[in-house]
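These notes are about the structure you will find just below.
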Amino acid sequence: MSLFRSEQMEFYNLVIPRESAWDVMNTLGYFDSVHIIDHDATLPQINRPFSNYVKRCDDVLQKIEQIDDEMRNFKIEKKYCPDVIDLLKKRNGSHKQFEELEQDICKVADDLEHQQQTLTSLQEKKNTIRENLEVLRNAVAFQNEDSEEASLLGFQKMVGVILKEDELRFKRIIFRITKGNIHVEIMDIQEQFIQQDRKSVQKCVFMLFYPCGDLTQKKIQRVIESFSNNKFDIPTSSEQQAQRITMLENQLNEADQLLHLTITQINKRLQDLSEIKHNCSWIEEMRILVTKEKYLYMNLNMLNMTNSVFHGQIWLPQGQDQKIQQALRNLHGNDKQLPSGQIQEQQIQSTPPTYYKLNSFTYPFQEIVNTYGIPRYKEINPGLSTIITFPFLVGVMFGDVGHGLLLFVCGLYLTTEEAKKSIFSGLVPMRYMILLIGFFACYNGLIYNDFLSISLNLFGSCYNLVDDEYQIKEDCVYKFGIDPAWGSSTNQLTFMNSFKMKLAVIIGVTHMTFGIILKGFNTLNFNNYTDFFCEFIPQFLLLTCSFGYMDFLLFLKWCTKFEDTKDAPSVITTMIDMVLRPFDVPEKPLFESGEQQRFIQLILLTIIILCIPIMLITKPLIFNLNKKNHPYQQIPSQVPDDDANPEQLQNDMQKDQSQPHSKVCIQQHNQHDDIGELIVHQSIETIEFVLGSVSNTASYLRLWALSLAHSQLAEVFFSMTLASHIGEGGFFGTIGSIVQFPGFALATFGVLMCMDLMECFLHALRLQWVEFQSKFYKADGYLFKAYSFTNIKSNQQDD
Amino acid sequence: MDLCVFGVDDGYAEAIIRGLRASFLTEAQYQQMKNCASIPELKSFLEETDYQNCLQADNPQIPTSILRQRLKKKLADEFEYIEAQSTGTLTKYLFHLRCRFMIDNVVNMIEGLKNKIDIEILLSNIDPLGWFPEIKNIKVLEGDDYSSLYRDVLIDTPIGVYFMKFLEESIENLHENRTLNDIQNLFREMKPEYIRTSLKKMWLEDFYVFCEQELMPTSQEVLLELLKFEADFKTIQVIYNSIGNRDLNTAAKIITTRKQLCPTIGNLYPDCEKMYLQAMTLDTLREAVKGCDNYRDLLKDAPDPLKREEFNVQTKTLDDIMYDDECRRYALAFDGQGSYGVFYSYLKLKEQEIRNIIWLAEMISRKLAKNHPGWKKIIIPFSHLGK
């Protein structure tokens, strides 16, 4: 029953002395069943007692992230933790454990940072040496060619290194400053430089030749300074130059070696960190331990601290209290000195959360319901019936044996382990839904007798082909679904349309009636008899007497044998006449006699007409009478006395909840307002229901429309691609169908299996939410959020 | 009509801006910020807001200058992102917006270099919104030779045009037979603040023309209105600040200077020009602008500039009053649909928010009493709309 109505919740006070706060929370985290209520949701995190711990955890997590980044840079593989709970149980310590962890991680991170700094400074040094070397080499190379001449002519030269991307700007500014009286030579450096932020940049060597003159030289120097910081001096004699070059080359070699050494060191260090202990890498283990610590403190922060004792309120599902009390009692084992936490049962003061135990089968269906709204506490959960109705409705629209089978196979694949690793892993949570949709599509396909738009002759058709005319066999009924002979008849489409339309309405009315019946159960469960008699009964009668009667007529017509089809009465005309000309005797009665039909219809019509005022006015009337009898009714106090029977209280609570405009809240308003509000509300509800019963029934015709679209699309694709070639037969037919097959397969996959399935899904969703759930579903609950370490995920699962 | 096609090119950029609307601090959050007792507390509070990521790496005792830099960096990043998502006219438009910050940066650099402040410090203090590659090369500036600065460095930059116009105008104003020395003297005496105001005036006029010519009618309507008010505010500010200014000793000089600095757009120009140019007291200024909108009301509360010495931190200065009014206008423009006014308003409002945070940070770091009137001196974007 756990999915039908939400679990029974119990309300407890949680009292923890500060000394054992960590231990208690640590124990509670392994139970999957504590919902901690935040004592003041508006309180910012900073003002909470353990905010500094949370901050510390954040800092450590950031450090871990830094180390992790580094590992990614060095391309070191690590192993994610497969089982978080198992790991946490293994590494279960005390609250002092965090301090150790923090120290360890900080030390590692600091060491690493230190090494990083060494690395960057080495890199810097190497860059300077390289720049020097490049400048020198270029200068020397140039000198050999024609600088002799230049210096003879009284030219001076300047050499330096700038970023490649600045080249154009540099040239321009130099040109402007010297008014073009300069020669600029740019030589690219092939190898890229690695900057501090590890980006590699292209640099180039420039060489300027300009006529002597102090003024320009100063200016040029300023410009060069604004582009780069390094200065280079070039020895004059060629011997010195050669010496310098060899020296720089040696230095470069040294720097390279040092760099290499540091990199290996860092690499080794990081390798150590990825070493596998407790089934996963050290770094991942740390991440989970610290995350758990943060999670624990975040939840502890939800409690209220007074005088070094934490008070909090929690929800527990029924039957969990014994286990938790036991665990808390055993917490300090032999050490009796340390006080342990306690839980005390309290009377319920606010609406309990809605809690279901879900599994991978029920999950997607409950998700569909939750997207619309979380069920109210103890309300009938539409999620249970959704498991069958939803895939069935999709199946009605998607009805085709072939497509259904394909979908079923897809669902089967998704249930395997392999699917979790494939690109379809996103669909894995939906696997059972897909499986069921496939199954129901198959089932409906068998009823429609549709296999990729071809009818199957499974049980032997009841028609014989005699001289191009179909003749029916005596006393023969096709065993299941539609007789395949219909497939080749000329009025196949008309027949199928009328059949599917009727089917859609029958399904729709059944679905809606089911919703109304659920409403009846809800009102009974909450002991709300006003709603039971003033809403459920008239609504139920209204629907069954109008569209329920229409369904009955449909069945009646199917069961009656008409000699001449022209004599058959139309159901629609009958229905219209029932409302517009209730006193006339029907011309073509469906019943044995027209009199009888008129009598029955008159009764039904009277019931319908009576129902409307009952829905409209009785509820405000009863409410008003109640008010007059107790004009000074007290607002029940929020905190009940200790003697009150908790169960009694709970019942009261439920009563209150089940009436949105319950006495408690309404009495706080002005009397006139309440009555007016209630009347308006009630009339809106009534109008909505009466009009809704017509429009919702019509809305179910989408079942027919989509299944028609589906079958027609399938037929078009088949006839456009394969049909003619198969009909042709022989060699060319074979070749033709082989050539055309990819087109057929692609259209089937893309349009029917993807687009059409999506469309059917959406329409079924609408029927589920609007037509079905609006009949009974309040959807104003809130979800149970367990404080549980299972919420901690290792990084891999996040991705 | 243009509302139909606005979304084609600019819908995405506008949508991003609309999303960023959520990042504005709320009144409740300002209240919490006021309750912070120290800078680390303020920082950890900001870490819970949208400013989280830009502050995380800093040490808790963050100096206000760095804090400002971080906040501005975040704004610049957002702006850059939007710029990258924009096409066509919007790109040009956004670039125009940036120019205002570039002018500020250039003038700040010039000012800093004049006062012999180290270039590294100057570079670290520039507004990231107005960064452009040539800015490092302003270092080339020698003495007060702005013309060579323009010729060598700024000519290629987006604000080169304004700088050139500015130089031309200043030289034109000299007497007929000017010498090179005169020009140099002129530049030497020129205050950076004067350069800034003139450049911004030119930028404003240029931007106005751009909006008039290139934008679609809806954007035009919103933006021209905003720019007109901005121009008016500039005019009033110039007049207001020049009242009782000792550097401008003769009436003729005041009027020429005013004429140079007041934008030639807006509601006040040219109808009230004659009157405001000659306003020598606050009362005459009030009289001069009374014809337009609510300027008179604005000026009603402004303190008398002749008693400038008596101003203290409590005084609600003209700037504060104007920010308040502007903020209201921008918030309204932000909520308008299908116009480029959103981008302009967003930038302005975010600037205001940063100013608020920095102001509060200053107040906190000075440990002023909670009943100090300075705490009320913040203008919360969008707070006008609720009333």
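Residue numbers start at 1 in each chain; chains themselves are named A, B, ... in the order of the structure tokens; ligands are numbered from 1 in the order shown.
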| message | Using only C-alpha atoms and a cut-off of 7 Å, which residues of chain B sit close to chain A? Please list them as number ranges by chain. | response | B: 136-137, 139-140, 152-153
Output for the residues just chosen: C-alpha atoms as a PDB file, in the first residue's frame:
```pdb
ATOM      1  CA  LYS B 136      49.981  50.290 -21.875  1.00  0.00           C
ATOM      2  CA  ASN B 137      51.643  52.489 -24.434  1.00  0.00           C
ATOM      3  CA  LYS B 139      53.568  55.435 -20.942  1.00  0.00           C
ATOM      4  CA  VAL B 140      55.164  57.015 -23.994  1.00  0.00           C
ATOM      5  CA  ASP B 152      51.742  58.256 -31.517  1.00  0.00           C
ATOM      6  CA  VAL B 153      49.376  56.137 -29.528  1.00  0.00           C
TER       7      VAL B 153
END
```
Shell of 10 Å around Leu97 in chain B, only C-alpha atoms, local chain residues under 5 positions omitted, as number ranges by chain: B: 91-92, 102, 129-130, 203-204, 207, 343-344, 347
Could you save those same residues with C-alpha atoms as a PDB file, in the first residue's frame?
```
ATOM      1  CA  THR B  91      28.033  45.138 -31.570  1.00  0.00           C
ATOM      2  CA  LYS B  92      28.712  48.685 -32.654  1.00  0.00           C
ATOM      3  CA  MET B 102      38.078  53.935 -22.197  1.00  0.00           C
ATOM      4  CA  LEU B 129      35.434  47.467 -19.132  1.00  0.00           C
ATOM      5  CA  GLY B 130      37.517  50.120 -20.837  1.00  0.00           C
ATOM      6  CA  TRP B 203      31.438  60.974 -26.623  1.00  0.00           C
ATOM      7  CA  LEU B 204      27.912  61.699 -25.471  1.00  0.00           C
ATOM      8  CA  PHE B 207      26.741  58.447 -29.164  1.00  0.00           C
ATOM      9  CA  PHE B 343      22.081  47.110 -22.244  1.00  0.00           C
ATOM     10  CA  TYR B 344      22.720  50.716 -21.349  1.00  0.00           C
ATOM     11  CA  LEU B 347      25.593  48.730 -17.285  1.00  0.00           C
TER      12      LEU B 347
END
```
Quiz item: What residues in range 173-239 of chain B get the DSSP label helix (DSSP H, G or I)? Please answer as a PyMOL selection string.
Solution: chain B and resi 180-189+192-214+217-239
How would the residues just picked look written out with C-alpha atoms as a short mmCIF file (atom, residue, chain, number, x, y, z; two decimals), in the first residue's frame?
```
data_model
loop_
_atom_site.label_atom_id
_atom_site.label_comp_id
_atom_site.auth_asym_id
_atom_site.auth_seq_id
_atom_site.Cartn_x
_atom_site.Cartn_y
_atom_site.Cartn_z
CA LEU B 180 54.28 76.34 -30.22
CA ASN B 181 55.07 77.56 -26.73
CA ASP B 182 51.55 78.79 -26.22
CA ILE B 183 50.19 75.42 -27.11
CA GLN B 184 52.53 73.67 -24.75
CA ASN B 185 51.60 76.08 -21.99
CA LEU B 186 47.97 75.43 -22.65
CA PHE B 187 48.46 71.72 -22.25
CA ARG B 188 50.56 72.10 -19.17
CA GLU B 189 47.86 74.02 -17.39
CA PRO B 192 42.85 66.04 -16.40
CA GLU B 193 39.37 66.59 -15.06
CA TYR B 194 38.83 69.14 -17.81
CA ILE B 195 40.02 66.69 -20.42
CA ARG B 196 37.71 64.05 -19.03
CA THR B 197 34.67 66.28 -19.10
CA SER B 198 35.34 67.48 -22.62
CA LEU B 199 36.00 64.01 -23.94
CA LYS B 200 32.88 62.67 -22.33
CA LYS B 201 30.85 65.48 -23.73
CA MET B 202 32.09 64.61 -27.21
CA TRP B 203 31.44 60.97 -26.62
CA LEU B 204 27.91 61.70 -25.47
CA GLU B 205 27.18 63.83 -28.51
CA ASP B 206 28.67 61.24 -30.80
CA PHE B 207 26.74 58.45 -29.16
CA TYR B 208 23.58 60.50 -29.47
CA VAL B 209 24.11 60.87 -33.18
CA PHE B 210 24.85 57.19 -33.49
CA CYS B 211 21.62 56.29 -31.73
CA GLU B 212 19.70 58.71 -33.87
CA GLN B 213 21.04 57.39 -37.13
CA GLU B 214 21.57 53.68 -36.72
CA PRO B 217 12.75 53.40 -33.63
CA THR B 218 11.97 51.68 -30.34
CA SER B 219 15.57 51.70 -29.23
CA GLN B 220 15.91 55.26 -30.42
CA GLU B 221 12.96 56.42 -28.44
CA VAL B 222 14.24 54.93 -25.22
CA LEU B 223 17.89 55.82 -25.66
CA LEU B 224 17.54 59.36 -26.92
CA GLU B 225 15.38 60.12 -23.95
CA LEU B 226 17.96 58.68 -21.58
CA LEU B 227 20.83 60.44 -23.30
CA LYS B 228 18.99 63.73 -23.24
CA PHE B 229 18.61 63.47 -19.54
CA GLU B 230 22.20 62.47 -19.14
CA ALA B 231 23.26 65.48 -21.17
CA ASP B 232 21.07 67.73 -19.09
CA PHE B 233 22.51 66.33 -15.92
CA LYS B 234 26.00 66.92 -17.26
CA THR B 235 25.10 70.50 -18.08
CA ILE B 236 23.64 71.12 -14.67
CA GLN B 237 26.67 69.51 -13.07
CA VAL B 238 29.08 71.66 -15.04
CA ILE B 239 27.24 74.84 -14.18
#
```
CA of Phe623 in chain A sits from CA of Phe536 in chain A at a separation of 16.9 Å
Q.
List the spatial neighbours of Gln251 in chain A as a PyMOL selection string - criterion: any atom at most 10 Å away, only C-alpha atoms, same-chain residues fewer than 6 positions off excluded.
A. chain A and resi 125-126+129-130+245+257
Expected file contents, prior selection, N, CA, C and O atoms, as a CSV table (one decimal), in the first residue's frame:
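Heads up, here's the output in out-v3.csv:
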```
chain,number,residue,atom,x,y,z
A,125,LYS,N,62.8,31.8,-15.9
A,125,LYS,CA,64.2,31.9,-16.1
A,125,LYS,C,64.6,31.4,-17.5
A,125,LYS,O,65.3,32.0,-18.2
A,126,LYS,N,64.0,30.2,-17.8
A,126,LYS,CA,64.3,29.6,-19.1
A,126,LYS,C,63.9,30.6,-20.2
A,126,LYS,O,64.6,30.7,-21.2
A,129,ILE,N,66.4,33.4,-20.7
A,129,ILE,CA,67.6,32.9,-21.3
A,129,ILE,C,67.4,32.7,-22.8
A,129,ILE,O,68.2,33.1,-23.7
A,130,ARG,N,66.2,32.1,-23.1
A,130,ARG,CA,65.9,31.8,-24.5
A,130,ARG,C,65.8,33.1,-25.3
A,130,ARG,O,66.3,33.2,-26.4
A,245,ILE,N,77.1,33.4,-26.5
A,245,ILE,CA,76.1,32.4,-27.0
A,245,ILE,C,76.4,31.0,-26.4
A,245,ILE,O,75.4,30.4,-25.9
A,257,GLN,N,67.2,21.0,-17.8
A,257,GLN,CA,67.3,19.8,-17.0
A,257,GLN,C,66.5,20.0,-15.7
A,257,GLN,O,65.8,19.1,-15.2
```
(message) What's around range 322-338 of chain B at 9 Å? Count only C-alpha atoms, leave out sequence neighbours fewer than 5 positions away in its own chain, and write the answer as a PyMOL selection string.
(response) chain B and resi 2-4+6-7+10-11+14+18+218-219+222-223+226+229-230+233+298+317+343-346+348-349+352+378-385
DSSP on the backbone: which residues in range 314-452 of chain A end up as strand (DSSP E or B)? Give the answer as an mmCIF file with N, CA and C atoms, in the first residue's frame.
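The result, written out as states_3.cif:
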```
data_model
loop_
_atom_site.group_PDB
_atom_site.id
_atom_site.type_symbol
_atom_site.label_atom_id
_atom_site.label_comp_id
_atom_site.auth_asym_id
_atom_site.auth_seq_id
_atom_site.Cartn_x
_atom_site.Cartn_y
_atom_site.Cartn_z
ATOM 1 N N ILE A 314 12.163 16.683 13.628
ATOM 2 C CA ILE A 314 12.371 15.798 12.485
ATOM 3 C C ILE A 314 11.101 15.014 12.190
ATOM 4 N N TRP A 315 11.002 14.579 10.948
ATOM 5 C CA TRP A 315 9.943 13.659 10.560
ATOM 6 C C TRP A 315 10.572 12.281 10.396
ATOM 7 N N LEU A 316 9.852 11.285 10.891
ATOM 8 C CA LEU A 316 10.308 9.920 10.667
ATOM 9 C C LEU A 316 9.165 9.118 10.073
ATOM 10 N N PRO A 317 9.447 8.236 9.130
ATOM 11 C CA PRO A 317 8.399 7.307 8.700
ATOM 12 C C PRO A 317 8.093 6.369 9.854
ATOM 13 N N GLN A 342 18.795 12.354 21.814
ATOM 14 C CA GLN A 342 17.528 11.687 22.081
ATOM 15 C C GLN A 342 16.506 12.111 21.066
ATOM 16 N N ILE A 343 15.541 11.216 20.835
ATOM 17 C CA ILE A 343 14.388 11.668 20.073
ATOM 18 C C ILE A 343 13.143 11.430 20.909
ATOM 19 N N GLN A 344 12.251 12.404 20.891
ATOM 20 C CA GLN A 344 11.005 12.272 21.647
ATOM 21 C C GLN A 344 9.850 12.502 20.694
ATOM 22 N N GLU A 345 8.863 11.624 20.840
ATOM 23 C CA GLU A 345 7.732 11.787 19.942
ATOM 24 C C GLU A 345 6.929 13.022 20.332
ATOM 25 N N GLN A 346 6.484 13.753 19.331
ATOM 26 C CA GLN A 346 5.716 14.972 19.560
ATOM 27 C C GLN A 346 4.413 14.873 18.803
ATOM 28 N N THR A 354 5.373 14.215 2.238
ATOM 29 C CA THR A 354 4.886 13.045 1.514
ATOM 30 C C THR A 354 6.069 12.142 1.197
ATOM 31 N N ILE A 380 -4.598 9.935 -2.042
ATOM 32 C CA ILE A 380 -4.358 8.825 -2.956
ATOM 33 C C ILE A 380 -3.370 9.267 -4.013
ATOM 34 N N PHE A 451 0.394 -4.427 -38.438
ATOM 35 C CA PHE A 451 1.814 -4.732 -38.288
ATOM 36 C C PHE A 451 2.556 -3.929 -39.338
#
```
Check your understanding: Neighbours of range 49-54 of chain B within 12 Å (only C-alpha atoms; same-chain residues fewer than 4 positions away dropped), as a ChimeraX atom specification?
Key -> /A:44-45,62 /B:20-26,29-30,32-33,42-45,58-59,66-78,350,353-354,357
Those selected residues, please, written with N, CA, C and O atoms and delivered as a tab-separated table (two decimals), in the first residue's frame.
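Dumped to part-v2.tsv:
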```
chain	number	residue	atom	x	y	z
A	44	PRO	N	20.42	33.32	7.17
A	44	PRO	CA	21.51	33.08	6.23
A	44	PRO	C	22.55	32.12	6.83
A	44	PRO	O	22.70	32.06	8.05
A	45	GLN	N	23.23	31.41	5.96
A	45	GLN	CA	24.18	30.39	6.40
A	45	GLN	C	25.24	30.96	7.36
A	45	GLN	O	25.69	30.28	8.27
A	62	GLN	N	38.01	23.19	-2.12
A	62	GLN	CA	38.64	24.00	-3.18
A	62	GLN	C	40.07	23.55	-3.40
A	62	GLN	O	40.53	23.43	-4.53
B	20	LEU	N	20.31	38.13	-16.38
B	20	LEU	CA	21.22	38.73	-15.42
B	20	LEU	C	20.49	39.67	-14.45
B	20	LEU	O	21.04	40.06	-13.43
B	21	ARG	N	19.28	40.02	-14.80
B	21	ARG	CA	18.48	40.86	-13.91
B	21	ARG	C	18.39	40.24	-12.53
B	21	ARG	O	18.37	40.94	-11.52
B	22	ALA	N	18.38	38.92	-12.49
B	22	ALA	CA	18.24	38.23	-11.21
B	22	ALA	C	19.47	38.42	-10.32
B	22	ALA	O	19.41	38.16	-9.13
B	23	SER	N	20.58	38.85	-10.91
B	23	SER	CA	21.78	38.95	-10.10
B	23	SER	C	21.83	40.23	-9.28
B	23	SER	O	22.69	40.39	-8.44
B	24	PHE	N	20.92	41.16	-9.51
B	24	PHE	CA	20.93	42.38	-8.72
B	24	PHE	C	20.62	42.08	-7.27
B	24	PHE	O	19.75	41.26	-6.96
B	25	LEU	N	21.34	42.74	-6.39
B	25	LEU	CA	21.10	42.53	-4.97
B	25	LEU	C	19.75	43.15	-4.59
B	25	LEU	O	19.37	44.19	-5.11
B	26	THR	N	19.08	42.50	-3.68
B	26	THR	CA	17.77	43.00	-3.29
B	26	THR	C	17.89	43.90	-2.06
B	26	THR	O	18.95	43.97	-1.44
B	29	GLN	N	18.97	42.08	0.91
B	29	GLN	CA	20.40	41.76	0.91
B	29	GLN	C	21.23	42.97	1.31
B	29	GLN	O	22.23	42.84	2.01
B	30	TYR	N	20.80	44.16	0.87
B	30	TYR	CA	21.52	45.37	1.29
B	30	TYR	C	21.43	45.51	2.80
B	30	TYR	O	22.38	45.90	3.46
B	32	GLN	N	21.18	43.16	4.94
B	32	GLN	CA	22.11	42.22	5.56
B	32	GLN	C	23.54	42.73	5.46
B	32	GLN	O	24.35	42.55	6.36
B	33	MET	N	23.84	43.35	4.32
B	33	MET	CA	25.19	43.87	4.15
B	33	MET	C	25.47	44.96	5.15
B	33	MET	O	26.57	45.08	5.69
B	42	LEU	N	31.56	40.84	5.27
B	42	LEU	CA	30.95	41.34	4.04
B	42	LEU	C	31.34	40.45	2.88
B	42	LEU	O	30.52	40.10	2.03
B	43	LYS	N	32.61	40.06	2.88
B	43	LYS	CA	33.08	39.22	1.77
B	43	LYS	C	32.35	37.89	1.78
B	43	LYS	O	31.89	37.43	0.73
B	44	SER	N	32.23	37.29	2.95
B	44	SER	CA	31.56	35.99	2.96
B	44	SER	C	30.08	36.15	2.63
B	44	SER	O	29.48	35.22	2.10
B	45	PHE	N	29.54	37.33	2.92
B	45	PHE	CA	28.15	37.55	2.48
B	45	PHE	C	28.07	37.62	0.96
B	45	PHE	O	27.22	36.98	0.34
B	58	ASP	N	40.26	35.30	-3.09
B	58	ASP	CA	40.93	36.36	-2.34
B	58	ASP	C	40.96	36.07	-0.85
B	58	ASP	O	40.18	35.30	-0.33
B	59	ASN	N	41.87	36.79	-0.22
B	59	ASN	CA	41.98	36.61	1.22
B	59	ASN	C	40.88	37.45	1.88
B	59	ASN	O	40.41	38.44	1.33
B	66	ILE	N	40.80	46.50	-4.22
B	66	ILE	CA	40.79	45.20	-4.91
B	66	ILE	C	39.35	44.71	-5.07
B	66	ILE	O	38.98	44.17	-6.11
B	67	LEU	N	38.56	44.93	-4.04
B	67	LEU	CA	37.16	44.50	-4.11
B	67	LEU	C	36.47	45.15	-5.31
B	67	LEU	O	35.81	44.49	-6.11
B	68	ARG	N	36.71	46.46	-5.46
B	68	ARG	CA	36.11	47.16	-6.58
B	68	ARG	C	36.58	46.55	-7.89
B	68	ARG	O	35.80	46.30	-8.81
B	69	GLN	N	37.88	46.27	-7.93
B	69	GLN	CA	38.45	45.72	-9.15
B	69	GLN	C	37.79	44.38	-9.50
B	69	GLN	O	37.45	44.12	-10.65
B	70	ARG	N	37.59	43.56	-8.47
B	70	ARG	CA	36.98	42.24	-8.70
B	70	ARG	C	35.54	42.39	-9.21
B	70	ARG	O	35.12	41.71	-10.13
B	71	LEU	N	34.81	43.28	-8.55
B	71	LEU	CA	33.41	43.44	-8.94
B	71	LEU	C	33.32	43.95	-10.38
B	71	LEU	O	32.49	43.49	-11.18
B	72	LYS	N	34.22	44.90	-10.69
B	72	LYS	CA	34.19	45.45	-12.04
B	72	LYS	C	34.59	44.39	-13.06
B	72	LYS	O	34.07	44.35	-14.17
B	73	LYS	N	35.53	43.54	-12.65
B	73	LYS	CA	35.98	42.50	-13.56
B	73	LYS	C	34.79	41.59	-13.90
B	73	LYS	O	34.62	41.19	-15.06
B	74	LYS	N	33.99	41.31	-12.91
B	74	LYS	CA	32.85	40.43	-13.16
B	74	LYS	C	31.89	41.11	-14.16
B	74	LYS	O	31.44	40.48	-15.11
B	75	LEU	N	31.63	42.38	-13.93
B	75	LEU	CA	30.75	43.12	-14.84
B	75	LEU	C	31.34	43.10	-16.25
B	75	LEU	O	30.64	42.87	-17.24
B	76	ALA	N	32.66	43.33	-16.32
B	76	ALA	CA	33.31	43.36	-17.63
B	76	ALA	C	33.21	42.01	-18.32
B	76	ALA	O	32.97	41.93	-19.52
B	77	ASP	N	33.37	40.94	-17.54
B	77	ASP	CA	33.27	39.60	-18.13
B	77	ASP	C	31.88	39.38	-18.72
B	77	ASP	O	31.73	38.86	-19.82
B	78	GLU	N	30.88	39.77	-17.94
B	78	GLU	CA	29.51	39.59	-18.43
B	78	GLU	C	29.30	40.39	-19.71
B	78	GLU	O	28.72	39.91	-20.68
B	350	LYS	N	24.36	48.33	-12.81
B	350	LYS	CA	25.39	47.51	-12.18
B	350	LYS	C	26.49	48.40	-11.62
B	350	LYS	O	27.03	48.13	-10.55
B	353	GLU	N	25.33	49.53	-8.46
B	353	GLU	CA	25.39	48.50	-7.44
B	353	GLU	C	26.82	48.37	-6.90
B	353	GLU	O	27.03	48.26	-5.69
B	354	ILE	N	27.78	48.42	-7.80
B	354	ILE	CA	29.18	48.32	-7.37
B	354	ILE	C	29.52	49.52	-6.48
B	354	ILE	O	30.15	49.37	-5.44
B	357	ILE	N	28.14	48.82	-3.07
B	357	ILE	CA	28.90	47.84	-2.30
B	357	ILE	C	30.18	48.47	-1.78
B	357	ILE	O	30.54	48.31	-0.61
```
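Closest approach to Ala705 in chain A among A:Val505, A:Leu605, A:Ala779, A:Leu384: A:Val505, based on only C-alpha atoms.
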Which is closest to Pro391 in chain A among A:Cys442, A:Leu412, A:Val477, A:Met207, if we use only C-alpha atoms?
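Of A:Cys442, A:Leu412, A:Val477, A:Met207, the one nearest Pro391 in chain A, counting only C-alpha atoms, is A:Cys442.
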Using only C-alpha atoms, which residues sit within 9 Å of Ile324 in chain A once same-chain residues fewer than 5 positions away are excluded, as a list of chain:residue names?
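Listing them by chain and then by number gives A:Thr27, A:Leu28, A:Phe31, A:Arg329, A:Ile343.
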Checklist line | Using only C-alpha atoms: which of A:Gln66, A:Ser593, A:Ser489, A:Thr686 has the shortest distance to Pro538 in chain A | finding: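 Using only C-alpha atoms, Pro538 in chain A sits closest to A:Thr686.
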What is the CA of Ile348 in chain A to CA of Phe784 in chain A distance in Å?
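Straight-line distance from CA of Ile348 in chain A to CA of Phe784 in chain A works out to 15.2 Å.
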*asked:* Between CA of Cys754 in chain A and CA of Leu407 in chain A, what distance in Å does the model show, to one decimal?
replied: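 Value for the CA of Cys754 in chain A-CA of Leu407 in chain A distance: 10.3 Å.
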